[in-house]
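File shown: target_2.cif (mmCIF, C-alpha atoms).
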```cif
data_target
#
loop_
_atom_site.label_atom_id
_atom_site.label_comp_id
_atom_site.auth_asym_id
_atom_site.auth_seq_id
_atom_site.Cartn_x
_atom_site.Cartn_y
_atom_site.Cartn_z
CA MET A 1 103.70 131.58 75.47
CA VAL A 2 103.24 128.61 73.10
CA TYR A 3 100.26 126.24 73.33
CA ASP A 4 98.92 123.21 71.51
CA VAL A 5 95.45 124.77 71.13
CA ILE A 6 93.93 128.17 71.85
CA VAL A 7 90.16 128.27 72.37
CA ILE A 8 88.47 131.63 71.71
CA GLY A 9 85.33 131.97 73.83
CA VAL A 10 84.89 129.96 77.03
CA GLY A 11 81.12 129.66 77.06
CA SER A 12 78.77 126.79 76.26
CA MET A 13 80.97 125.01 73.71
CA GLY A 14 84.34 126.54 74.64
CA SER A 15 84.28 125.38 78.25
CA ALA A 16 83.48 121.78 77.23
CA THR A 17 86.17 121.95 74.55
CA CYS A 18 88.83 123.17 76.99
CA TYR A 19 87.88 120.29 79.28
CA GLN A 20 88.13 117.72 76.49
CA LEU A 21 91.48 119.04 75.24
CA ALA A 22 93.02 119.20 78.70
CA SER A 23 91.72 115.70 79.49
CA ARG A 24 93.67 114.43 76.47
CA GLY A 25 96.89 116.03 77.66
CA ALA A 26 96.92 119.03 75.33
CA LYS A 27 98.40 122.33 76.48
CA VAL A 28 95.34 124.57 76.26
CA LEU A 29 94.64 128.28 76.57
CA GLY A 30 91.04 129.47 76.76
CA ILE A 31 90.45 133.20 76.20
CA GLU A 32 87.16 134.74 77.34
CA GLN A 33 86.40 138.45 76.89
CA PHE A 34 83.92 138.45 79.78
CA GLY A 35 83.74 136.28 82.91
CA ILE A 36 83.03 132.58 83.14
CA SER A 37 79.25 132.49 82.75
CA HIS A 38 77.91 135.91 81.88
CA GLU A 39 74.84 137.62 80.42
CA ASN A 40 76.39 138.86 77.16
CA GLY A 41 76.01 135.63 75.21
CA SER A 42 73.64 132.77 74.51
CA HIS A 43 73.65 130.80 77.77
CA THR A 44 71.81 133.24 80.05
CA GLY A 45 68.72 131.94 81.76
CA GLN A 46 69.24 129.14 84.29
CA SER A 47 67.95 126.18 82.23
CA ARG A 48 67.87 124.66 78.75
CA ILE A 49 65.64 121.83 77.47
CA ILE A 50 67.33 118.55 76.54
CA ARG A 51 65.49 116.09 74.30
CA LYS A 52 66.13 113.40 71.70
CA ALA A 53 63.01 113.32 69.48
CA TYR A 54 64.45 116.19 67.52
CA PHE A 55 62.00 118.07 65.33
CA GLU A 56 64.69 120.36 63.87
CA HIS A 57 66.43 117.47 62.05
CA SER A 58 66.67 113.76 62.83
CA ASP A 59 70.42 113.73 62.06
CA TYR A 60 70.98 115.36 65.45
CA VAL A 61 69.71 112.29 67.32
CA PRO A 62 73.00 110.28 67.29
CA LEU A 63 74.80 113.35 68.64
CA LEU A 64 72.15 113.67 71.36
CA HIS A 65 72.76 110.07 72.47
CA LYS A 66 76.43 110.99 72.93
CA SER A 67 75.52 114.24 74.64
CA TYR A 68 73.36 112.47 77.23
CA GLU A 69 76.35 110.19 77.92
CA GLY A 70 78.52 113.28 78.33
CA TRP A 71 76.21 114.90 80.88
CA ARG A 72 76.06 111.65 82.87
CA ALA A 73 79.86 111.39 82.77
CA LEU A 74 80.19 114.94 84.09
CA GLU A 75 77.73 114.18 86.88
CA LYS A 76 79.67 111.06 87.84
CA ALA A 77 82.99 112.94 87.82
CA THR A 78 81.69 115.85 89.91
CA SER A 79 78.94 114.31 92.08
CA MET A 80 76.79 117.23 90.91
CA GLN A 81 73.50 117.20 89.01
CA PHE A 82 73.27 118.94 85.63
CA TYR A 83 70.43 116.99 83.98
CA TRP A 84 66.95 116.84 85.47
CA LYS A 85 64.67 114.22 83.94
CA THR A 86 61.26 115.91 83.96
CA GLY A 87 59.94 114.66 80.66
CA LEU A 88 58.82 116.98 77.88
CA ALA A 89 55.26 117.52 76.67
CA TYR A 90 54.88 118.64 73.04
CA PHE A 91 51.47 120.25 72.40
CA GLY A 92 49.98 121.25 69.05
CA PRO A 93 46.98 120.90 66.76
CA GLU A 94 46.44 117.80 64.68
CA HIS A 95 48.87 117.54 61.73
CA ASP A 96 51.16 120.09 63.39
CA GLU A 97 54.57 120.12 61.68
CA MET A 98 56.48 120.06 64.97
CA LEU A 99 54.58 117.01 66.23
CA GLN A 100 55.05 115.21 62.91
CA SER A 101 58.80 115.83 63.04
CA VAL A 102 59.00 114.61 66.65
CA GLN A 103 57.23 111.43 65.58
CA LYS A 104 59.57 111.02 62.60
CA SER A 105 62.71 111.23 64.77
CA ALA A 106 61.20 108.84 67.31
CA ASP A 107 60.30 106.30 64.62
CA LEU A 108 63.68 106.56 62.90
CA TYR A 109 65.73 105.98 66.06
CA ASN A 110 63.27 103.91 68.11
CA LEU A 111 62.94 106.59 70.79
CA LYS A 112 60.44 106.21 73.58
CA ILE A 113 57.53 108.62 73.28
CA GLU A 114 53.93 108.49 74.52
CA HIS A 115 50.75 109.86 72.95
CA LYS A 116 48.38 111.30 75.54
CA GLU A 117 44.72 112.12 75.08
CA TYR A 118 43.19 115.39 76.26
CA ASP A 119 41.62 113.80 79.36
CA GLN A 120 44.95 112.21 80.27
CA TYR A 121 47.19 115.23 80.00
CA THR A 122 44.77 117.67 81.61
CA LYS A 123 44.52 115.32 84.59
CA LEU A 124 48.29 114.81 84.76
CA TRP A 125 49.16 118.50 84.31
CA PRO A 126 46.26 120.75 85.34
CA GLN A 127 48.63 123.73 85.14
CA PHE A 128 48.01 123.95 81.37
CA SER A 129 44.89 125.30 79.69
CA VAL A 130 45.17 123.64 76.27
CA PRO A 131 42.55 123.60 73.46
CA LYS A 132 40.63 120.31 73.33
CA ASP A 133 41.75 119.62 69.77
CA TYR A 134 45.46 119.80 70.70
CA GLN A 135 47.49 116.61 70.45
CA CYS A 136 50.16 115.75 73.03
CA ILE A 137 53.36 113.73 72.61
CA PHE A 138 55.31 113.09 75.80
CA GLU A 139 59.04 112.28 75.75
CA PRO A 140 59.84 110.78 79.19
CA GLU A 141 63.65 110.88 78.89
CA ALA A 142 63.70 114.61 78.15
CA GLY A 143 64.21 117.32 80.75
CA PHE A 144 66.53 120.24 81.31
CA VAL A 145 70.21 120.96 81.82
CA THR A 146 71.75 123.94 83.60
CA PRO A 147 73.95 126.23 81.46
CA GLU A 148 75.67 128.54 83.95
CA ARG A 149 76.32 125.65 86.32
CA GLY A 150 77.64 123.47 83.48
CA ILE A 151 79.97 126.12 82.04
CA LYS A 152 81.51 126.94 85.41
CA THR A 153 82.07 123.27 86.18
CA TYR A 154 83.60 122.42 82.79
CA THR A 155 85.93 125.40 83.16
CA GLU A 156 87.04 124.47 86.67
CA PHE A 157 87.67 120.87 85.67
CA ALA A 158 89.62 122.01 82.60
CA LYS A 159 91.83 124.12 84.87
CA GLN A 160 92.33 121.18 87.24
CA LYS A 161 93.55 119.14 84.25
CA GLY A 162 96.05 121.83 83.29
CA ALA A 163 94.16 124.23 81.02
CA GLU A 164 94.97 127.94 81.32
CA ILE A 165 91.87 130.14 81.28
CA HIS A 166 92.10 133.91 80.82
CA ILE A 167 89.02 136.03 81.53
CA ASN A 168 88.25 139.68 80.74
CA GLU A 169 90.71 139.51 77.83
CA GLN A 170 89.67 140.54 74.32
CA VAL A 171 91.03 139.13 71.07
CA LEU A 172 92.08 141.94 68.73
CA HIS A 173 93.74 140.00 65.92
CA TRP A 174 94.66 136.46 64.93
CA GLU A 175 96.67 135.03 62.06
CA SER A 176 97.31 131.58 60.61
CA HIS A 177 100.86 130.84 59.46
CA SER A 178 102.26 127.74 57.73
CA ASN A 179 103.12 125.92 60.97
CA PHE A 180 101.36 127.85 63.74
CA VAL A 181 98.74 130.47 64.61
CA THR A 182 99.13 133.69 66.59
CA VAL A 183 96.52 135.46 68.69
CA THR A 184 96.90 139.04 69.84
CA THR A 185 94.71 140.32 72.67
CA ASN A 186 94.50 143.61 74.52
CA LEU A 187 97.15 142.19 76.90
CA ARG A 188 99.67 140.11 74.90
CA THR A 189 100.35 137.82 71.91
CA TYR A 190 100.16 134.00 72.03
CA GLN A 191 101.21 131.21 69.69
CA ALA A 192 99.69 127.76 69.19
CA SER A 193 99.58 124.87 66.76
CA ARG A 194 95.78 125.10 66.43
CA ILE A 195 92.98 127.54 67.21
CA ILE A 196 89.28 126.86 67.90
CA PHE A 197 86.62 129.56 67.62
CA THR A 198 83.65 129.03 69.95
CA SER A 199 82.86 132.72 70.04
CA GLY A 200 79.08 132.61 69.62
CA ALA A 201 77.45 135.91 68.72
CA PHE A 202 80.90 137.49 68.31
CA THR A 203 82.03 135.11 65.55
CA ASP A 204 81.48 137.62 62.75
CA GLN A 205 83.80 140.06 64.50
CA LEU A 206 86.64 137.53 64.43
CA LEU A 207 86.14 135.58 61.21
CA ALA A 208 85.40 136.67 57.66
CA LEU A 209 83.00 133.81 56.92
CA LYS A 210 81.27 133.65 53.56
CA VAL A 211 78.21 132.36 55.42
CA LYS A 212 75.94 135.07 56.80
CA LEU A 213 75.27 134.76 60.53
CA LYS A 214 72.28 136.53 62.07
CA VAL A 215 72.34 137.47 65.77
CA THR A 216 69.00 138.14 67.46
CA ARG A 217 67.87 139.17 70.93
CA GLN A 218 65.59 136.60 72.60
CA TYR A 219 63.51 137.23 75.71
CA LEU A 220 62.86 134.90 78.64
CA GLY A 221 60.24 135.49 81.30
CA TRP A 222 59.62 134.20 84.83
CA VAL A 223 56.35 134.31 86.75
CA ASN A 224 55.35 133.10 90.23
CA PRO A 225 51.86 131.58 89.82
CA ASN A 226 49.14 132.84 92.14
CA ASN A 227 47.21 129.62 92.59
CA ASN A 228 47.48 126.31 94.44
CA LEU A 229 48.62 124.16 91.53
CA LYS A 230 52.08 122.62 91.83
CA TYR A 231 54.65 123.86 89.31
CA ASN A 232 57.80 122.26 90.72
CA VAL A 233 59.93 119.47 89.28
CA GLY A 234 58.06 116.21 89.83
CA ASN A 235 54.64 117.75 89.24
CA MET A 236 55.16 119.47 85.91
CA PRO A 237 57.23 118.61 82.82
CA CYS A 238 59.13 120.87 80.48
CA TRP A 239 56.95 121.75 77.51
CA LEU A 240 56.89 122.97 73.90
CA MET A 241 53.64 124.32 72.49
CA THR A 242 52.54 125.55 69.09
CA ASP A 243 50.31 128.62 69.24
CA GLU A 244 48.11 128.06 66.21
CA GLY A 245 48.53 130.77 63.61
CA LYS A 246 51.95 131.82 64.86
CA GLU A 247 55.34 130.68 63.62
CA GLY A 248 57.76 128.97 65.99
CA ALA A 249 56.69 127.61 69.37
CA PHE A 250 56.50 128.62 73.00
CA TYR A 251 58.41 126.59 75.57
CA GLY A 252 58.97 126.45 79.29
CA PHE A 253 60.06 124.74 82.46
CA PRO A 254 58.84 123.82 85.91
CA GLN A 255 60.13 125.85 88.85
CA MET A 256 63.82 125.17 89.31
CA PRO A 257 65.26 123.40 92.36
CA GLU A 258 66.99 125.86 94.72
CA VAL A 259 70.42 124.40 93.88
CA VAL A 260 70.11 125.74 90.31
CA GLY A 261 69.77 129.35 91.46
CA GLY A 262 68.54 132.22 89.30
CA PRO A 263 65.09 133.82 89.12
CA GLN A 264 62.21 132.16 90.93
CA GLY A 265 59.02 130.94 89.28
CA ILE A 266 58.21 129.14 86.05
CA LYS A 267 60.29 130.22 83.08
CA PHE A 268 59.07 130.39 79.50
CA GLY A 269 59.99 131.92 76.16
CA TYR A 270 59.24 132.08 72.45
CA HIS A 271 61.36 129.87 70.18
CA HIS A 272 61.47 131.95 67.02
CA PRO A 273 63.99 134.47 65.66
CA GLY A 274 63.70 137.77 67.46
CA GLU A 275 64.83 141.21 66.35
CA ILE A 276 68.39 141.69 65.09
CA PHE A 277 70.60 142.30 68.11
CA ASP A 278 71.61 145.87 68.88
CA GLU A 279 73.81 146.83 71.83
CA VAL A 280 71.26 149.50 72.75
CA GLU A 281 68.09 147.63 73.68
CA ASP A 282 64.95 148.95 72.00
CA LYS A 283 62.43 149.51 74.81
CA GLU A 284 59.50 149.29 72.40
CA ILE A 285 60.60 145.79 71.37
CA LEU A 286 61.00 144.80 75.02
CA VAL A 287 57.43 145.96 75.75
CA LYS A 288 56.13 144.09 72.69
CA GLU A 289 57.91 140.85 73.59
CA GLU A 290 56.81 141.04 77.21
CA ALA A 291 53.21 141.54 76.06
CA ARG A 292 53.54 138.48 73.76
CA LEU A 293 54.69 136.30 76.65
CA ASN A 294 51.98 137.62 78.98
CA GLU A 295 49.32 136.96 76.35
CA PHE A 296 50.50 133.38 75.95
CA LEU A 297 50.55 132.97 79.74
CA ARG A 298 46.92 134.11 80.06
CA GLN A 299 45.75 131.94 77.18
CA TYR A 300 47.49 128.63 77.90
CA PHE A 301 47.95 128.44 81.66
CA THR A 302 45.25 127.82 84.24
CA LYS A 303 44.43 130.89 86.35
CA VAL A 304 48.03 131.98 86.88
CA ASN A 305 46.71 135.49 87.64
CA ARG A 306 50.14 137.03 87.47
CA LYS A 307 52.18 138.91 84.90
CA ILE A 308 55.88 138.37 84.20
CA GLU A 309 57.92 139.44 87.19
CA THR A 310 61.43 138.89 85.76
CA ILE A 311 62.49 139.24 82.13
CA LYS A 312 65.97 138.65 80.70
CA SER A 313 67.42 138.39 77.24
CA CYS A 314 70.07 136.29 75.54
CA LYS A 315 71.46 136.04 72.00
CA TYR A 316 70.70 133.49 69.31
CA THR A 317 73.14 133.14 66.40
CA TYR A 318 71.52 131.75 63.26
CA THR A 319 73.05 130.25 60.15
CA PRO A 320 71.02 130.51 56.89
CA ASP A 321 69.57 127.01 57.37
CA GLU A 322 69.41 127.29 61.21
CA HIS A 323 71.72 124.30 61.69
CA PHE A 324 75.06 124.40 63.49
CA ILE A 325 78.47 124.88 61.90
CA VAL A 326 81.13 122.49 63.26
CA ASP A 327 84.09 122.19 60.90
CA LEU A 328 87.65 123.02 59.96
CA LEU A 329 88.04 126.31 58.11
CA PRO A 330 89.18 125.62 54.53
CA ASP A 331 92.59 126.71 53.27
CA MET A 332 94.05 126.92 56.78
CA SER A 333 96.10 123.68 56.83
CA GLU A 334 93.68 122.15 59.38
CA ARG A 335 94.82 124.69 61.96
CA VAL A 336 91.54 126.57 62.43
CA VAL A 337 88.36 125.01 63.81
CA ILE A 338 85.00 126.72 64.08
CA ALA A 339 81.77 126.03 65.95
CA CYS A 340 78.94 128.56 65.70
CA GLY A 341 75.32 129.15 64.71
CA PHE A 342 73.75 127.17 67.52
CA SER A 343 70.51 129.04 66.91
CA GLY A 344 68.90 128.70 70.31
CA HIS A 345 69.02 124.92 70.51
CA GLY A 346 72.71 124.22 71.05
CA PHE A 347 73.54 124.10 74.75
CA LYS A 348 72.32 120.53 75.32
CA PHE A 349 74.99 119.41 72.82
CA SER A 350 77.92 120.94 74.77
CA PRO A 351 79.51 117.62 75.84
CA VAL A 352 79.54 116.09 72.36
CA ILE A 353 80.49 119.32 70.56
CA GLY A 354 83.42 119.62 72.97
CA GLU A 355 84.52 116.11 71.94
CA ALA A 356 84.11 116.86 68.24
CA LEU A 357 86.10 120.09 68.40
CA ALA A 358 88.91 118.42 70.33
CA ASP A 359 88.97 115.70 67.65
CA LEU A 360 89.15 118.24 64.83
CA ALA A 361 91.93 120.23 66.50
CA LEU A 362 94.10 117.30 67.56
CA GLU A 363 93.39 114.79 64.79
CA GLY A 364 92.10 116.83 61.85
CA GLY A 365 88.82 114.90 61.81
CA SER A 366 86.26 113.14 63.98
CA ASP A 367 84.43 109.82 63.98
CA LEU A 368 81.42 111.57 65.49
CA PRO A 369 78.51 112.06 63.00
CA ILE A 370 79.06 115.79 62.39
CA GLY A 371 79.31 115.71 58.60
CA PHE A 372 75.89 117.32 58.12
CA LEU A 373 77.12 120.34 60.11
CA GLY A 374 80.04 121.09 57.76
CA LEU A 375 80.59 124.32 55.86
CA GLY A 376 80.39 122.50 52.53
CA ARG A 377 76.61 122.41 52.64
CA PHE A 378 76.42 126.17 52.08
CA SER A 379 77.90 125.86 48.60
CA LEU A 380 74.46 124.57 47.62
CA LEU A 381 72.70 127.70 48.85
CA SER A 382 71.98 130.86 46.92
CA PRO A 383 74.93 133.31 46.90
CA MET A 384 72.56 135.79 48.61
CA LEU A 385 72.50 133.52 51.68
CA GLN A 386 76.20 132.71 51.86
#
```
Have the structure of the file written as structure tokens, please.
Amino acid sequence: MVYDVIVIGVGSMGSATCYQLASRGAKVLGIEQFGISHENGSHTGQSRIIRKAYFEHSDYVPLLHKSYEGWRALEKATSMQFYWKTGLAYFGPEHDEMLQSVQKSADLYNLKIEHKEYDQYTKLWPQFSVPKDYQCIFEPEAGFVTPERGIKTYTEFAKQKGAEIHINEQVLHWESHSNFVTVTTNLRTYQASRIIFTSGAFTDQLLALKVKLKVTRQYLGWVNPNNNLKYNVGNMPCWLMTDEGKEGAFYGFPQMPEVVGGPQGIKFGYHHPGEIFDEVEDKEILVKEEARLNEFLRQYFTKVNRKIETIKSCKYTYTPDEHFIVDLLPDMSERVVIACGFSGHGFKFSPVIGEALADLALEGGSDLPIGFLGLGRFSLLSPMLQ
């Protein structure tokens, strides 16, 4: 079979890309080695925070504006909800780097944020037990999006527009020729004009990149509070909190609406690189990570009186600078496109990354502001990091 574009990996970015390509009339094949939405990648866990006051890097903000538009467009097309506007509370000590970066992005792009005093936020959200010297920035337009639900919907809509999606099929080999690419799986060989790799934690197995990617196992916990405070959407925002003296930040969500599905209770996790991923899970690490989450729960929540009842893990894929890679592979005649290294903060960008990858595959470039995510930036890094 001959296609215009083959997409390798139909997960967070691949499903949106298949949808974008098929919407533009391209003959598309998506190949997924597992099922559509699974627990072997990065999208496990029911919910992902979406926000614009981006502390990781302010250059992401224009892409986030487009991504919000994309989620709204998907909701309009499907009459389904994928984005819940709960607001997001950022907590941290005075002069905290995360809070300063949130403020910087908000100032640069005129984003709406609110500064709340201790008496205000403890009255608004009595669920939290926060130190009195902690500052709070509230981003009202933030909230959460639903990964499994989004991936399944993008895939179904891509199929309705003519995309061919193969599941439980593993890529064994691929090759770029002067005028086409070939992909060989455990079932057959395909040919296309272009190929897009959205293969997440499996990218290193398929591509010999000069950039080192690090794959880690990250843990997510759910707990059903044992008190009378309200933890549902409408009474509690999403949140990000610095635990003074520790790197990274803890984050979490209100209880999900029933339509979202998944584990019950409030979900939270630790946003910081975990241990290098190994197929055989280290039980000692699991115990340590569960203890870390339980300790945070006891310290920063008001009389929850429960320990984690459900714990799951997903994979983060990090680049050396922890920013995404979205680019054409060099020396491949613009036939090979790559998107990887979403480092635990990528899912919210699925709609706009899907657009960008479709642009790169069909047009050889994109008007979207993705230049800062190109491979060229790594030529400036130490050879040890590349």
**Q.** Output check: residues returned by the PyMOL selection byres ((chain A and resi 279) around 12), as a list in words
**A.**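 So the PyMOL selection byres ((chain A and resi 279) around 12), applied here, picks out Asn40, Gly41, Ala201, Val215, Thr216, Arg217, Glu275, Ile276, Phe277, Asp278, Val280, Glu281, Asp282, Ser313, Cys314 and Lys315 of chain A.
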Q | Picked residues, the PyMOL selection byres ((chain A and resi 367) around 12), as a list in words | A |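 What the PyMOL selection byres ((chain A and resi 367) around 12) grabs from the file is Pro62, Leu63, Val352, Glu355, Ala356, Leu357, Ala358, Asp359, Leu360, Glu363, Gly364, Gly365, Ser366, Leu368, Pro369, Ile370 and Gly371 of chain A.
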Can you tell me, as a compact mmCIF listing (two decimals) with C-alpha atoms, in the frame of the given file, what residues are no more than 10 Å from Ala361 of chain A when counting only C-alpha atoms, ignoring any on the same chain fewer than 3 positions away?
```txt
# COMPACT_ATOMS: atom_id res chain seq x y z
CA ASP A 4 98.92 123.21 71.51
CA VAL A 5 95.45 124.77 71.13
CA ILE A 6 93.93 128.17 71.85
CA LEU A 21 91.48 119.04 75.24
CA SER A 193 99.58 124.87 66.76
CA ARG A 194 95.78 125.10 66.43
CA ILE A 195 92.98 127.54 67.21
CA ILE A 196 89.28 126.86 67.90
CA ASP A 327 84.09 122.19 60.90
CA LEU A 328 87.65 123.02 59.96
CA GLU A 334 93.68 122.15 59.38
CA ARG A 335 94.82 124.69 61.96
CA VAL A 336 91.54 126.57 62.43
CA VAL A 337 88.36 125.01 63.81
CA ILE A 338 85.00 126.72 64.08
CA ALA A 356 84.11 116.86 68.24
CA LEU A 357 86.10 120.09 68.40
CA ALA A 358 88.91 118.42 70.33
CA GLY A 364 92.10 116.83 61.85
CA GLY A 365 88.82 114.90 61.81
CA SER A 366 86.26 113.14 63.98
```
Q: Please provide the set of residues having any atom within 9 Å of Asn294 of chain A, restricted to only C-alpha atoms, with same-chain residues fewer than 3 positions apart removed, written as a ChimeraX atom specification.
A: /A:221,289-291,297-299,306-308
Produce a table with one row for each residue of segment 162-276 of chain A that has an atom at most 8 Å from any atom of segment 45-53 of chain A, each row naming the nearest atom pair and its distance in Å at one decimal; use all atoms listed in the file; arrange rows by chain and rising residue number; format as a tab-separated table.
```
residue	atom	partner	partner_atom	distance
A:Leu220	CA	A:Gly45	CA	7.3
A:Cys238	CA	A:Ile49	CA	7.2
A:Val260	CA	A:Gln46	CA	7.0
A:Gly261	CA	A:Gln46	CA	7.2
A:Gly262	CA	A:Gln46	CA	5.9
A:Pro263	CA	A:Gln46	CA	7.9
```
Residues within 8 Å of His272 of chain A, only C-alpha atoms, excluding chain neighbours under 5 positions, as a short mmCIF file (atom, residue, chain, number, x, y, z; two decimals) with C-alpha atoms, in the coordinates of the input:
```cif
data_model
loop_
_atom_site.label_atom_id
_atom_site.label_comp_id
_atom_site.auth_asym_id
_atom_site.auth_seq_id
_atom_site.Cartn_x
_atom_site.Cartn_y
_atom_site.Cartn_z
CA GLU A 247 55.34 130.68 63.62
CA GLY A 248 57.76 128.97 65.99
CA ALA A 249 56.69 127.61 69.37
#
```
Q: Choose the residue, out of A:Leu187, A:Glu258, A:Tyr219, A:Val326, that has the smallest atom-to-atom separation from Val287 of chain A; count all atoms listed in the file.
A: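 Among A:Leu187, A:Glu258, A:Tyr219, A:Val326, it is A:Tyr219 that comes nearest to Val287 of chain A.
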(Q) Assuming the chain letters and numbering stay as they are in my file, what does the PyMOL selection byres ((chain A and resi 73-78) around 9) actually select? List them as a list in words. (A)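 What the PyMOL selection byres ((chain A and resi 73-78) around 9) grabs from the file is Tyr68, Glu69, Gly70, Trp71, Arg72, Ser79, Met80, Gln81, Phe82, Tyr83, Gly150, Thr153, Tyr154, Phe157 and Pro351 of chain A.
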(Q) Can you measure atom CA of Leu375 of chain A to atom CA of Leu99 of chain A for me? One decimal in Å is fine. (A) 28.9 Å
Output segment 88-106 of chain A with N, CA and C atoms present, as a short mmCIF file (atom, residue, chain, number, x, y, z; two decimals), in the frame of the given file.
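Saved result, rebuild.cif, follows:
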```cif
data_model
loop_
_atom_site.label_atom_id
_atom_site.label_comp_id
_atom_site.auth_asym_id
_atom_site.auth_seq_id
_atom_site.Cartn_x
_atom_site.Cartn_y
_atom_site.Cartn_z
N LEU A 88 59.17 115.82 78.70
CA LEU A 88 58.82 116.98 77.88
C LEU A 88 57.51 116.72 77.16
N ALA A 89 56.56 117.63 77.34
CA ALA A 89 55.26 117.52 76.67
C ALA A 89 55.24 118.45 75.45
N TYR A 90 55.03 117.86 74.27
CA TYR A 90 54.88 118.64 73.04
C TYR A 90 53.38 118.78 72.77
N PHE A 91 52.88 120.00 72.66
CA PHE A 91 51.47 120.25 72.40
C PHE A 91 51.30 120.95 71.06
N GLY A 92 50.28 120.55 70.30
CA GLY A 92 49.98 121.25 69.05
C GLY A 92 48.73 120.68 68.42
N PRO A 93 48.17 121.40 67.45
CA PRO A 93 46.98 120.90 66.76
C PRO A 93 47.29 119.68 65.91
N GLU A 94 46.26 118.98 65.53
CA GLU A 94 46.44 117.80 64.68
C GLU A 94 47.16 118.19 63.38
N HIS A 95 48.06 117.32 62.94
CA HIS A 95 48.87 117.54 61.73
C HIS A 95 49.88 118.67 61.89
N ASP A 96 50.17 119.05 63.12
CA ASP A 96 51.16 120.09 63.39
C ASP A 96 52.54 119.61 62.92
N GLU A 97 53.27 120.49 62.25
CA GLU A 97 54.57 120.12 61.68
C GLU A 97 55.57 119.70 62.76
N MET A 98 55.56 120.41 63.89
CA MET A 98 56.48 120.06 64.97
C MET A 98 56.20 118.65 65.49
N LEU A 99 54.93 118.33 65.73
CA LEU A 99 54.58 117.01 66.23
C LEU A 99 54.93 115.92 65.22
N GLN A 100 54.71 116.19 63.95
CA GLN A 100 55.05 115.21 62.91
C GLN A 100 56.55 114.95 62.87
N SER A 101 57.35 116.00 63.06
CA SER A 101 58.80 115.83 63.04
C SER A 101 59.30 115.11 64.28
N VAL A 102 58.68 115.35 65.42
CA VAL A 102 59.00 114.61 66.65
C VAL A 102 58.73 113.13 66.43
N GLN A 103 57.58 112.82 65.85
CA GLN A 103 57.23 111.43 65.58
C GLN A 103 58.22 110.79 64.61
N LYS A 104 58.63 111.54 63.59
CA LYS A 104 59.57 111.02 62.60
C LYS A 104 60.90 110.64 63.25
N SER A 105 61.44 111.53 64.09
CA SER A 105 62.71 111.23 64.77
C SER A 105 62.56 110.03 65.69
N ALA A 106 61.43 109.96 66.39
CA ALA A 106 61.20 108.84 67.31
C ALA A 106 61.12 107.52 66.56
#
```
